[in-house]
2 protein chains.
Amino acid sequence: SWIPKHLEAVKWILMFIIGSTTGLVAVFIDFFVKKLSSLKFTTVDTYITPCGQDYKCLMAPLGILIAFNALFVLIASVLCAFEPIAAGSGIPEIKCYLNGVKVPHVVRLKTLIAKAVGVLFSVSGGLFVGKEGPMIHSGAVVGAGIPQFQSITFKKLNFNFPFFRSDRDKRDFVSAGAAAGVAAAFGAPIGGVLFSLEEGSSFWNQALTWRTFFCAMSATFTLNFMLSGLYFKEWGHLNIPGLIDFGLFQCHGGDCNLWTAMDLLFFIAMGLGGGLLGATFNAINKSITICRLRHPLFQRKYVRVLEAVFIAIVTAAVAFLAAMMLGQCKPLSVDSASTSNISESVRTYFCPPGYYNDMATLFFNPQEEAIKQLFHQEGAFSLSSLAIFFGFFFLLSCWTYGCLVPSGLFVPCLLCGAAYGRFVGNVLTSFFNLSSVYSGTFALIGSAAFLGGVVRMTISLTVILIESTNEISYGLPIMVTLIVAKWSGDFFNKGLYDIHINLKNVPLLEWEADRQMETLQVSEIMERKACYLHLKTRVHTIIDILKTTTHNAFPVVSSYRVLQEEEEGSTSRTGWEDISQHHHLMSVNAVDFPQQTIQQLRRHHSNSNDSIPNGDVPLQSDPSSVVFHGIVMRDHLVELLQNRVCFMEHSSSSTRPVMQFVDLTRDYPRYPSIHDMDLTGINLNMIIDVSRYMNTCPYTVSPTAPVSKVFNLFRTMGLRHLVVVNQIGEVSALLFHFRYPPTPL
Amino acid sequence: SWIPKHLEAVKWILMFIIGSTTGLVAVFIDFFVKKLSSLKFTTVDTYITPCGQDYKCLMAPLGILIAFNALFVLIASVLCAFEPIAAGSGIPEIKCYLNGVKVPHVVRLKTLIAKAVGVLFSVSGGLFVGKEGPMIHSGAVVGAGIPQFQSITFKKLNFNFPFFRSDRDKRDFVSAGAAAGVAAAFGAPIGGVLFSLEEGSSFWNQALTWRTFFCAMSATFTLNFMLSGLYFKEWGHLNIPGLIDFGLFQCHGGDCNLWTAMDLLFFIAMGLGGGLLGATFNAINKSITICRLRHPLFQRKYVRVLEAVFIAIVTAAVAFLAAMMLGQCKPLSVDSASTSNISESVRTYFCPPGYYNDMATLFFNPQEEAIKQLFHQEGAFSLSSLAIFFGFFFLLSCWTYGCLVPSGLFVPCLLCGAAYGRFVGNVLTSFFNLSSVYSGTFALIGSAAFLGGVVRMTISLTVILIESTNEISYGLPIMVTLIVAKWSGDFFNKGLYDIHINLKNVPLLEWEADRQMETLQVSEIMERKACYLHLKTRVHTIIDILKTTTHNAFPVVSSYRVLQEEEEGSTSRTGWEDISQHHHLMSVNAVDFPQQTIQQLRRHHSNSNDSIPNGDVPLQSDPSSVVFHGIVMRDHLVELLQNRVCFMEHSSSSTRPVMQFVDLTRDYPRYPSIHDMDLTGINLNMIIDVSRYMNTCPYTVSPTAPVSKVFNLFRTMGLRHLVVVNQIGEVSALLFHFRYPPTPL
């Protein structure tokens, strides 16, 4: 077959498919959000226009708006009730996944459907949520699913493509998919790659990064191609790089600059403020989330669905009433009238011609349009409108994040921050007469400051924002703002994603080793009750171990006395129960190290080098000292049991059953659980030889190593487990500059 | 003092200083290049204009041009003769440095001066070289130098700032400095960070990356601020993001697009062509470089200086004669006349008004101007002019790279490629009547294809080009082109930087482990003659080892019999000579492993845990079996000898001299050499106790591990050495998810 020989090429093709599919998912979401939103706003609009400022008459459109929103959010929420992992932004879950933590259901096709359809309705339903975070999750699911060519949700989807069936390969594809999701959401392929790198894979692998970039580019290309075709009917032209588009920043007037060096000081202050506001946002949301997680009422799904619908009703009511009653009429500037895009989404309720209603423009538009208004509307928003909008929006979006709908965080934060930045800009121009202030830039910086204060991402967020603005000269101010916002926010609490990860008790590693770790030794933190297997173990022992522990891998050892007892033919069982008494094996073993051990070890080693052991090395009873041989995975043990790859004691080696690696991984990623397995008919006294199925050279560490070292090894190499082996070894050689191929000195 | 407590803050401040200084270096180079070039061109111009097409009269300006160029290049070349490492682009050297290979003199202040002043003159001297590569090197030197607050070149520069005196810290700063160099050169801070990541540090460390980004941003900011101030007298406005500026891409006419989806097919073909051209360029340059390295004639510095001057003369003559004699007069388009920047650098020699001389415009301008002409000049260049220009430029720049002047590769490749792309664009419009082709885009894609074909960088090059064009919509075509160019080029040979690294026999690791490595074991490639030290070693032994080996670190071992012989008071010497007989220690030791070893080891361990060993553990003679304790650095041994940190055999532990770590690193990075050291007066029989000065937990690996695993460990963790220790150890525990702080199960 062509495929196994050209796996590299297959990877590139898969990357393209993943990218394009992610782009198509984004197109699907965007298209229907646009349709539904437009349907909703047009319907409500026809009821408002004849009313004028007659508040009684306005009750009808309010009712219609609430009905629309409640219905849409109900759909979104019910979908999430079926697949709860689809709720929220999905970024914390993807972050966990990419760092090697298994999150059940996170990359299933069912989740993708719930997420994509759900976010479509939650955004159309007028909730203060974004569709960008869910896009990242959707991309990740696409990345995980496509290379498997099969689905757990729909069993019939199965193309017999038995490649890339390992966690490592899958993780690579998932990280590419997540990058594609960012790329499609923000039109930011580079930002997407950096997102994957920052949140996920810690090792910069050039080939993988390059492929990921290709995947991200495919996603933006597909999205751009499709949306440009769908909306502008210009098939083949590429005008819409991402779901969110900040529009073109340009200021009018002769002596106009987007920003000057002096403005940087204001930006620093705004970053400080953004960090504080973000920390407040996080603190409030943390309390709400704790309540959602712990309060018994919220354990029932229908309560959570009702909560989402309730939020939708409150949001609709607040937005509608504020838009109708609290807005001020502001003159439309001539400049912005000329740029058609901006004037299109202006709302003019109850205002004389040439004026617009500022509050309605913000509240009664899709959020992306409101952001664009704040970025590019030359006409002034009144200070009071901005403040009221900010207050309501801040509280409502904070309440919304974490309820049972798919809900992104980026767009609400950007909008909230834009109002904050615009407010600062207005204050500076009105009260301090700083004519050089360009309000669009201030709105953008406010967005960056607030978003940075909430999520605390670093370089990837910077790049995403720069790519979204399509204006590289904003790089410096955005970065300065984000740095300050992160600093000031980190002073109080963590980023919102990390808060949610912590609340769910996921063991995710930080980026840097704690200072305390340098003074701790591995022996102080290691698990003292290690359970391990011998090279040949009886079936009942393996079943015992699998059933009574939750570890995903087990060290394999042999006893030094194995060969001595060989002659005696002792067949007493090897029990991990016995072994686990030796709490700290190193010290125990060191005391009664037997005389002939090493010779035995060598002999034994030479035996086990043959892949099928010769002779009947029996199991023995008193493993007071053991030699480490390798580790074996729980899933593989389960497969061995499932397939009865075991043999009787005195069977000859030729008749013993053997399993190939490709069969061992056939059930990936859904290995059977030991608890669900049918073990009837298996002879518990038979023996399984794990030596063929173990990793003989896992990373090991000495018990005296500082914890920080182990931390770095885990973090950098993306390890899931590490065996602590004490160093009663000898120096064999010292590798200086790694030489390959080997040359004599 | 404030500093040791706030090292993090100090790092941020240093990053800002490094970035700004790098920016200032770039300003310095750019300012004087502009001045000198303008002086040269104006002078020559005044002689050409009265001449007309009188070729006799043109001899005078030709002579003047050659004199200017020869003089400038002579200065550049003589500077490089004093500090040869300053020649070339510096990127291969920085790549080696960042990957842990020591390259002498590469980050010295002297090198920086030679490089910065040299590149200024080599660029002004009309050589087909760029100033961007040298900027990266300059940034790296700045990054290495500033945090040390001292200079080897100028001994008086010494501020007593004893921090960051380790290779690791220094490497972090160097990578930040290199990023700042890229940022200043191309106005591409993100590209700079990615460059550092791609070429250097393999581990994505969030904190370091974020600081590096800050450093890069500081560099662009400083450069932008200074250049905008110097050239436009608009202090505080920021209009010049980098040394090289591709100008604003915009096409004129109603139905105009920079590129369409169909063009992508042409771009793929151009990428293919670029890869082939790049591979040819690399092959030719490789032959030239081999000749320069091996031919006895070129071993003399004056020959190399003369070669550089000769190249300068040839280049000047070719450029002048081609410009005067081979150009065609082409009509100036109205559109490009209106964009003042482009029409400024047009050369109109011997052409009627409204026309310009296409060859002179390309050859008789600084390269950056020529690139801009190819990118933005709406007026057509003739096919023959483009072909001739490409041919001459290709050969001359290929000859130039590697001669004894500081010489960047980016700008010549971009210009060469732009001619290639423009040529393709012209062919498509003239012969195939494809009116939708925008020649500026084709020139840009040609640049990317050729540059990608030569240097074969991946994601960082993409980002650098996108940032330089300031047009994110070019992302997709640039990336597609670069992928194809890299693929087709890699089919024939390696990237030019890698070729130069290989020719210099630098042991640099590839990105990915070779497939063959999976089947090899460490024991097959390891150095079998390991020399090691005992915990207490006599001075003469240490001197012997240091003098007869070149290793940078030595494993420290103890013999199992140490404590046994303690009672006998044996004082025979520990010789590495004896030890090195045991070619393969593992097997030797395994055979005659003594009985009480482990108890002894434990006792010994508990002894050596006290930082000053109690009692007089004597050295012994027959180290048939040894236990690995840690590794000690060569430099530290030398310092110990230098400071006479040794003691007599029976001295009490309280009187033994001890050295603090801060004193041990005082001489960093220029530790004395053992061969230059004055060892008179030292008692060769005294003993040095290295246990205080060794790293007790280095990474180790088992001799049976596959080589690919060791490769990944080296590559990922940035190791310089790795001890092979066989695993006669026992399982102590299995760390599952790394738990910190330690919690009971």
# chains A, B, ... in the order shown; residues from 1 in each chain; ligands from 1
$ select_by_dssp --residues "stretch 284-396 of chain A" --states "alpha helix (DSSP H)" --output "short mmCIF file (atom, residue, chain, number, x, y, z; two decimals) with N, CA and C atoms, in the first residue's frame"
data_model
loop_
_atom_site.label_atom_id
_atom_site.label_comp_id
_atom_site.auth_asym_id
_atom_site.auth_seq_id
_atom_site.Cartn_x
_atom_site.Cartn_y
_atom_site.Cartn_z
N ILE A 284 -15.26 37.59 40.17
CA ILE A 284 -16.72 37.42 40.20
C ILE A 284 -17.09 36.10 39.53
N ASN A 285 -16.51 35.86 38.34
CA ASN A 285 -16.86 34.64 37.63
C ASN A 285 -16.46 33.40 38.42
N LYS A 286 -15.35 33.50 39.16
CA LYS A 286 -14.92 32.35 39.96
C LYS A 286 -15.98 32.01 41.01
N SER A 287 -16.50 33.04 41.67
CA SER A 287 -17.54 32.79 42.67
C SER A 287 -18.75 32.14 42.02
N ILE A 288 -19.15 32.68 40.86
CA ILE A 288 -20.32 32.12 40.19
C ILE A 288 -20.06 30.67 39.81
N THR A 289 -18.85 30.41 39.30
CA THR A 289 -18.53 29.04 38.87
C THR A 289 -18.52 28.09 40.04
N ILE A 290 -17.95 28.53 41.17
CA ILE A 290 -17.94 27.66 42.36
C ILE A 290 -19.36 27.33 42.75
N CYS A 291 -20.22 28.33 42.71
CA CYS A 291 -21.62 28.09 43.05
C CYS A 291 -22.22 27.07 42.09
N ARG A 292 -21.93 27.24 40.78
CA ARG A 292 -22.48 26.30 39.79
C ARG A 292 -21.97 24.88 40.01
N LEU A 293 -20.71 24.78 40.43
CA LEU A 293 -20.13 23.44 40.59
C LEU A 293 -20.60 22.77 41.88
N ARG A 294 -20.79 23.59 42.93
CA ARG A 294 -20.99 22.98 44.25
C ARG A 294 -22.44 22.97 44.70
N LYS A 301 -29.65 19.01 35.56
CA LYS A 301 -29.40 19.63 34.26
C LYS A 301 -30.49 20.61 33.88
N TYR A 302 -31.75 20.29 34.22
CA TYR A 302 -32.82 21.20 33.77
C TYR A 302 -32.69 22.56 34.45
N VAL A 303 -32.14 22.56 35.66
CA VAL A 303 -31.91 23.86 36.33
C VAL A 303 -30.91 24.69 35.52
N ARG A 304 -29.89 24.00 35.04
CA ARG A 304 -28.86 24.73 34.29
C ARG A 304 -29.42 25.21 32.95
N VAL A 305 -30.28 24.42 32.35
CA VAL A 305 -30.93 24.87 31.12
C VAL A 305 -31.79 26.09 31.40
N LEU A 306 -32.56 26.00 32.48
CA LEU A 306 -33.42 27.14 32.83
C LEU A 306 -32.59 28.38 33.12
N GLU A 307 -31.44 28.16 33.79
CA GLU A 307 -30.57 29.30 34.08
C GLU A 307 -30.14 30.00 32.79
N ALA A 308 -29.74 29.19 31.81
CA ALA A 308 -29.30 29.77 30.54
C ALA A 308 -30.43 30.56 29.89
N VAL A 309 -31.64 29.98 29.90
CA VAL A 309 -32.77 30.69 29.30
C VAL A 309 -33.06 31.97 30.08
N PHE A 310 -32.96 31.88 31.39
CA PHE A 310 -33.20 33.06 32.23
C PHE A 310 -32.20 34.17 31.89
N ILE A 311 -30.92 33.76 31.76
CA ILE A 311 -29.90 34.76 31.40
C ILE A 311 -30.27 35.39 30.06
N ALA A 312 -30.72 34.55 29.13
CA ALA A 312 -31.07 35.08 27.81
C ALA A 312 -32.18 36.12 27.94
N ILE A 313 -33.19 35.83 28.78
CA ILE A 313 -34.32 36.76 28.93
C ILE A 313 -33.84 38.07 29.56
N VAL A 314 -33.03 37.94 30.62
CA VAL A 314 -32.53 39.15 31.28
C VAL A 314 -31.70 39.96 30.30
N THR A 315 -30.81 39.28 29.58
CA THR A 315 -29.95 39.99 28.63
C THR A 315 -30.79 40.73 27.59
N ALA A 316 -31.79 40.03 27.04
CA ALA A 316 -32.62 40.67 26.03
C ALA A 316 -33.33 41.88 26.61
N ALA A 317 -33.87 41.72 27.81
CA ALA A 317 -34.61 42.82 28.42
C ALA A 317 -33.70 44.00 28.68
N VAL A 318 -32.53 43.72 29.27
CA VAL A 318 -31.60 44.81 29.57
C VAL A 318 -31.19 45.52 28.30
N ALA A 319 -30.80 44.73 27.29
CA ALA A 319 -30.33 45.34 26.06
C ALA A 319 -31.44 46.19 25.42
N PHE A 320 -32.62 45.64 25.38
CA PHE A 320 -33.72 46.35 24.72
C PHE A 320 -34.07 47.62 25.47
N LEU A 321 -34.24 47.49 26.78
CA LEU A 321 -34.67 48.66 27.55
C LEU A 321 -33.60 49.74 27.55
N ALA A 322 -32.34 49.32 27.70
CA ALA A 322 -31.26 50.31 27.69
C ALA A 322 -31.21 51.00 26.34
N ALA A 323 -31.35 50.20 25.26
CA ALA A 323 -31.27 50.79 23.93
C ALA A 323 -32.39 51.78 23.71
N MET A 324 -33.58 51.45 24.19
CA MET A 324 -34.72 52.31 23.92
C MET A 324 -34.75 53.53 24.83
N MET A 325 -34.35 53.35 26.10
CA MET A 325 -34.62 54.39 27.07
C MET A 325 -33.41 55.20 27.47
N VAL A 334 -19.57 63.21 9.26
CA VAL A 334 -19.59 63.09 7.79
C VAL A 334 -18.62 62.01 7.34
N ASP A 335 -17.46 61.97 8.02
CA ASP A 335 -16.44 60.99 7.62
C ASP A 335 -16.96 59.57 7.72
N SER A 336 -17.55 59.25 8.87
CA SER A 336 -17.94 57.86 9.03
C SER A 336 -19.15 57.53 8.16
N ALA A 337 -19.93 58.54 7.82
CA ALA A 337 -21.03 58.27 6.91
C ALA A 337 -20.49 57.81 5.56
N SER A 338 -19.33 58.36 5.20
CA SER A 338 -18.79 58.02 3.89
C SER A 338 -18.28 56.57 3.86
N SER A 340 -19.04 53.26 4.19
CA SER A 340 -20.37 52.67 4.20
C SER A 340 -20.51 51.58 5.26
N ASN A 341 -19.43 50.81 5.46
CA ASN A 341 -19.55 49.69 6.39
C ASN A 341 -20.02 50.13 7.76
N ILE A 342 -19.46 51.22 8.22
CA ILE A 342 -19.75 51.65 9.57
C ILE A 342 -21.17 52.20 9.67
N SER A 343 -21.56 53.02 8.71
CA SER A 343 -22.86 53.66 8.84
C SER A 343 -23.99 52.64 8.70
N GLU A 344 -23.70 51.52 8.07
CA GLU A 344 -24.75 50.51 7.90
C GLU A 344 -25.34 50.02 9.22
N ASP A 358 -26.82 56.30 20.39
CA ASP A 358 -25.55 55.62 20.69
C ASP A 358 -25.73 54.33 21.46
N MET A 359 -26.63 54.32 22.44
CA MET A 359 -26.82 53.11 23.23
C MET A 359 -27.39 52.00 22.37
N ALA A 360 -28.37 52.33 21.52
CA ALA A 360 -28.97 51.30 20.67
C ALA A 360 -27.94 50.74 19.70
N THR A 361 -27.06 51.61 19.22
CA THR A 361 -26.03 51.15 18.30
C THR A 361 -25.15 50.09 18.95
N LEU A 362 -24.89 50.27 20.24
CA LEU A 362 -24.04 49.29 20.94
C LEU A 362 -24.81 48.04 21.33
N PHE A 363 -26.01 48.23 21.88
CA PHE A 363 -26.72 47.08 22.43
C PHE A 363 -27.54 46.33 21.39
N GLN A 367 -22.45 41.62 18.36
CA GLN A 367 -21.30 42.17 19.09
C GLN A 367 -20.18 42.62 18.16
N GLU A 368 -19.95 41.87 17.08
CA GLU A 368 -18.88 42.25 16.16
C GLU A 368 -19.15 43.64 15.57
N GLU A 369 -20.42 43.91 15.28
CA GLU A 369 -20.75 45.23 14.73
C GLU A 369 -20.54 46.31 15.77
N ALA A 370 -20.91 46.00 17.01
CA ALA A 370 -20.72 46.97 18.09
C ALA A 370 -19.25 47.29 18.27
N ILE A 371 -18.40 46.23 18.18
CA ILE A 371 -16.96 46.47 18.31
C ILE A 371 -16.49 47.39 17.20
N LYS A 372 -16.95 47.09 15.98
CA LYS A 372 -16.52 47.94 14.86
C LYS A 372 -16.99 49.37 15.06
N GLN A 373 -18.20 49.54 15.58
CA GLN A 373 -18.69 50.89 15.85
C GLN A 373 -17.75 51.62 16.81
N LEU A 374 -17.36 50.92 17.88
CA LEU A 374 -16.49 51.56 18.86
C LEU A 374 -15.12 51.84 18.27
N PHE A 375 -14.67 50.97 17.37
CA PHE A 375 -13.34 51.16 16.78
C PHE A 375 -13.34 52.28 15.74
N HIS A 376 -14.41 52.38 14.99
CA HIS A 376 -14.33 53.22 13.79
C HIS A 376 -15.34 54.35 13.73
N LEU A 383 -20.31 59.83 27.30
CA LEU A 383 -19.63 59.18 28.41
C LEU A 383 -20.60 58.32 29.21
N SER A 384 -21.80 58.87 29.46
CA SER A 384 -22.74 58.12 30.28
C SER A 384 -23.17 56.84 29.57
N SER A 385 -23.43 56.94 28.26
CA SER A 385 -23.82 55.73 27.53
C SER A 385 -22.73 54.68 27.61
N LEU A 386 -21.47 55.10 27.41
CA LEU A 386 -20.37 54.13 27.47
C LEU A 386 -20.29 53.49 28.84
N ALA A 387 -20.44 54.31 29.88
CA ALA A 387 -20.32 53.77 31.23
C ALA A 387 -21.44 52.78 31.52
N ILE A 388 -22.66 53.16 31.16
CA ILE A 388 -23.80 52.26 31.42
C ILE A 388 -23.62 50.97 30.63
N PHE A 389 -23.26 51.12 29.36
CA PHE A 389 -23.06 49.94 28.52
C PHE A 389 -22.01 49.03 29.14
N PHE A 390 -20.89 49.63 29.53
CA PHE A 390 -19.80 48.83 30.11
C PHE A 390 -20.29 48.08 31.34
N GLY A 391 -20.99 48.79 32.22
CA GLY A 391 -21.44 48.18 33.46
C GLY A 391 -22.34 46.98 33.20
N PHE A 392 -23.39 47.21 32.41
CA PHE A 392 -24.31 46.11 32.12
C PHE A 392 -23.60 44.96 31.45
N PHE A 393 -22.80 45.30 30.45
CA PHE A 393 -22.18 44.27 29.65
C PHE A 393 -21.21 43.44 30.50
N PHE A 394 -20.45 44.14 31.33
CA PHE A 394 -19.47 43.49 32.20
C PHE A 394 -20.17 42.45 33.06
N LEU A 395 -21.24 42.86 33.72
CA LEU A 395 -21.90 41.97 34.66
C LEU A 395 -22.59 40.80 33.93
N LEU A 396 -23.28 41.14 32.84
CA LEU A 396 -24.01 40.09 32.14
C LEU A 396 -23.07 39.06 31.51
#
$ residues_around --residues "B:Leu74" --least-positions-apart "2" --cutoff "9 Å" --atoms "only C-alpha atoms" --output "count of residues only"
17
$ closest_residue --among "A:Arg644, A:His551, A:His295, A:Lys536" --to "chain B" --atoms "only C-alpha atoms"
A:His551
$ atom_distance --atom1 "atom CA of A:Tyr668" --atom2 "atom CA of A:Val142"
17.1 Å
$ residues_around --residues "A:Asn505" --least-positions-apart "5" --cutoff "12 Å" --atoms "only C-alpha atoms" --output "PDB file with all heavy atoms, in the first residue's frame"
ATOM      1  N   PRO A  92     -10.214  25.833  28.021  1.00  0.00           N
ATOM      2  CA  PRO A  92      -9.583  25.110  29.133  1.00  0.00           C
ATOM      3  C   PRO A  92      -9.470  23.618  28.844  1.00  0.00           C
ATOM      4  O   PRO A  92      -8.431  23.016  29.118  1.00  0.00           O
ATOM      5  CB  PRO A  92     -10.533  25.369  30.308  1.00  0.00           C
ATOM      6  CG  PRO A  92     -11.268  26.590  29.964  1.00  0.00           C
ATOM      7  CD  PRO A  92     -11.365  26.612  28.478  1.00  0.00           C
ATOM      8  N   CYS A  96      -6.021  21.440  28.557  1.00  0.00           N
ATOM      9  CA  CYS A  96      -5.746  20.222  29.325  1.00  0.00           C
ATOM     10  C   CYS A  96      -5.378  19.079  28.387  1.00  0.00           C
ATOM     11  O   CYS A  96      -4.395  18.369  28.605  1.00  0.00           O
ATOM     12  CB  CYS A  96      -6.968  19.815  30.137  1.00  0.00           C
ATOM     13  SG  CYS A  96      -7.351  20.941  31.466  1.00  0.00           S
ATOM     14  N   VAL A 101      -3.609  15.659  29.569  1.00  0.00           N
ATOM     15  CA  VAL A 101      -4.640  15.238  30.511  1.00  0.00           C
ATOM     16  C   VAL A 101      -5.839  14.744  29.717  1.00  0.00           C
ATOM     17  O   VAL A 101      -6.343  15.460  28.847  1.00  0.00           O
ATOM     18  CB  VAL A 101      -5.061  16.407  31.413  1.00  0.00           C
ATOM     19  CG1 VAL A 101      -6.121  15.961  32.397  1.00  0.00           C
ATOM     20  CG2 VAL A 101      -3.865  16.986  32.120  1.00  0.00           C
ATOM     21  N   VAL A 103      -9.475  14.248  28.926  1.00  0.00           N
ATOM     22  CA  VAL A 103     -10.759  14.814  29.309  1.00  0.00           C
ATOM     23  C   VAL A 103     -11.803  14.003  28.538  1.00  0.00           C
ATOM     24  O   VAL A 103     -11.810  14.026  27.315  1.00  0.00           O
ATOM     25  CB  VAL A 103     -10.842  16.301  28.931  1.00  0.00           C
ATOM     26  CG1 VAL A 103     -12.114  16.916  29.485  1.00  0.00           C
ATOM     27  CG2 VAL A 103      -9.631  17.044  29.408  1.00  0.00           C
ATOM     28  N   LEU A 293     -20.711  24.777  40.433  1.00  0.00           N
ATOM     29  CA  LEU A 293     -20.132  23.443  40.595  1.00  0.00           C
ATOM     30  C   LEU A 293     -20.600  22.774  41.878  1.00  0.00           C
ATOM     31  O   LEU A 293     -20.777  21.563  41.937  1.00  0.00           O
ATOM     32  CB  LEU A 293     -18.597  23.530  40.606  1.00  0.00           C
ATOM     33  CG  LEU A 293     -17.890  23.755  39.282  1.00  0.00           C
ATOM     34  CD1 LEU A 293     -16.407  23.974  39.511  1.00  0.00           C
ATOM     35  CD2 LEU A 293     -18.098  22.561  38.358  1.00  0.00           C
ATOM     36  N   ASP A 498      -7.351  29.348  33.488  1.00  0.00           N
ATOM     37  CA  ASP A 498      -6.653  28.599  34.531  1.00  0.00           C
ATOM     38  C   ASP A 498      -7.525  28.451  35.767  1.00  0.00           C
ATOM     39  O   ASP A 498      -7.498  27.415  36.437  1.00  0.00           O
ATOM     40  CB  ASP A 498      -5.333  29.293  34.880  1.00  0.00           C
ATOM     41  CG  ASP A 498      -4.319  29.147  33.767  1.00  0.00           C
ATOM     42  OD1 ASP A 498      -4.352  28.103  33.087  1.00  0.00           O
ATOM     43  OD2 ASP A 498      -3.524  30.065  33.556  1.00  0.00           O
ATOM     44  N   ILE A 499      -8.303  29.476  36.064  1.00  0.00           N
ATOM     45  CA  ILE A 499      -9.218  29.375  37.207  1.00  0.00           C
ATOM     46  C   ILE A 499     -10.183  28.221  36.987  1.00  0.00           C
ATOM     47  O   ILE A 499     -10.401  27.393  37.871  1.00  0.00           O
ATOM     48  CB  ILE A 499      -9.976  30.708  37.393  1.00  0.00           C
ATOM     49  CG1 ILE A 499      -9.032  31.768  37.950  1.00  0.00           C
ATOM     50  CG2 ILE A 499     -11.170  30.527  38.325  1.00  0.00           C
ATOM     51  CD1 ILE A 499      -9.650  33.128  38.110  1.00  0.00           C
ATOM     52  N   HIS A 500     -10.741  28.156  35.777  1.00  0.00           N
ATOM     53  CA  HIS A 500     -11.689  27.082  35.508  1.00  0.00           C
ATOM     54  C   HIS A 500     -11.010  25.723  35.549  1.00  0.00           C
ATOM     55  O   HIS A 500     -11.598  24.749  36.018  1.00  0.00           O
ATOM     56  CB  HIS A 500     -12.384  27.314  34.156  1.00  0.00           C
ATOM     57  CG  HIS A 500     -13.530  28.264  34.254  1.00  0.00           C
ATOM     58  ND1 HIS A 500     -14.836  27.890  34.096  1.00  0.00           N
ATOM     59  CD2 HIS A 500     -13.564  29.583  34.546  1.00  0.00           C
ATOM     60  CE1 HIS A 500     -15.628  28.939  34.265  1.00  0.00           C
ATOM     61  NE2 HIS A 500     -14.886  29.982  34.520  1.00  0.00           N
TER      62      HIS A 500
ATOM     63  N   ARG B 739       2.761  15.338  40.725  1.00  0.00           N
ATOM     64  CA  ARG B 739       1.938  15.977  41.741  1.00  0.00           C
ATOM     65  C   ARG B 739       2.755  16.946  42.543  1.00  0.00           C
ATOM     66  O   ARG B 739       3.747  16.581  43.154  1.00  0.00           O
ATOM     67  CB  ARG B 739       1.355  14.912  42.660  1.00  0.00           C
ATOM     68  CG  ARG B 739      -0.149  14.895  42.631  1.00  0.00           C
ATOM     69  CD  ARG B 739      -0.675  13.846  43.539  1.00  0.00           C
ATOM     70  NE  ARG B 739      -1.562  12.956  42.808  1.00  0.00           N
ATOM     71  CZ  ARG B 739      -1.218  11.777  42.375  1.00  0.00           C
ATOM     72  NH1 ARG B 739      -0.004  11.319  42.609  1.00  0.00           N
ATOM     73  NH2 ARG B 739      -2.079  11.052  41.712  1.00  0.00           N
TER      74      ARG B 739
END
$ closest_residue --among "B:Ser435, B:Thr550, B:Thr43, B:Asn643" --to "chain A" --atoms "only C-alpha atoms"
B:Thr550
$ select_by_dssp --residues "stretch 319-511 of chain A" --states "strand (DSSP E)" --output "ChimeraX atom specification"
/A:329-331,355-357
$ write_last_selection --atoms "N, CA and C atoms" --output "compact mmCIF listing (two decimals), in the first residue's frame"
# COMPACT_ATOMS: atom_id res chain seq x y z
N CYS A 329 -28.96 60.91 21.49
CA CYS A 329 -28.81 61.13 20.06
C CYS A 329 -27.54 61.90 19.80
N LYS A 330 -26.69 61.35 18.96
CA LYS A 330 -25.41 61.98 18.66
C LYS A 330 -25.35 62.22 17.16
N PRO A 331 -24.72 63.33 16.76
CA PRO A 331 -24.65 63.59 15.31
C PRO A 331 -23.76 62.59 14.61
N TYR A 355 -28.66 62.03 13.00
CA TYR A 355 -28.25 61.65 14.35
C TYR A 355 -28.41 60.15 14.52
N TYR A 356 -27.73 59.61 15.52
CA TYR A 356 -27.94 58.20 15.80
C TYR A 356 -28.05 58.00 17.30
N ASN A 357 -28.65 56.87 17.66
CA ASN A 357 -28.86 56.53 19.06
C ASN A 357 -27.66 55.72 19.52
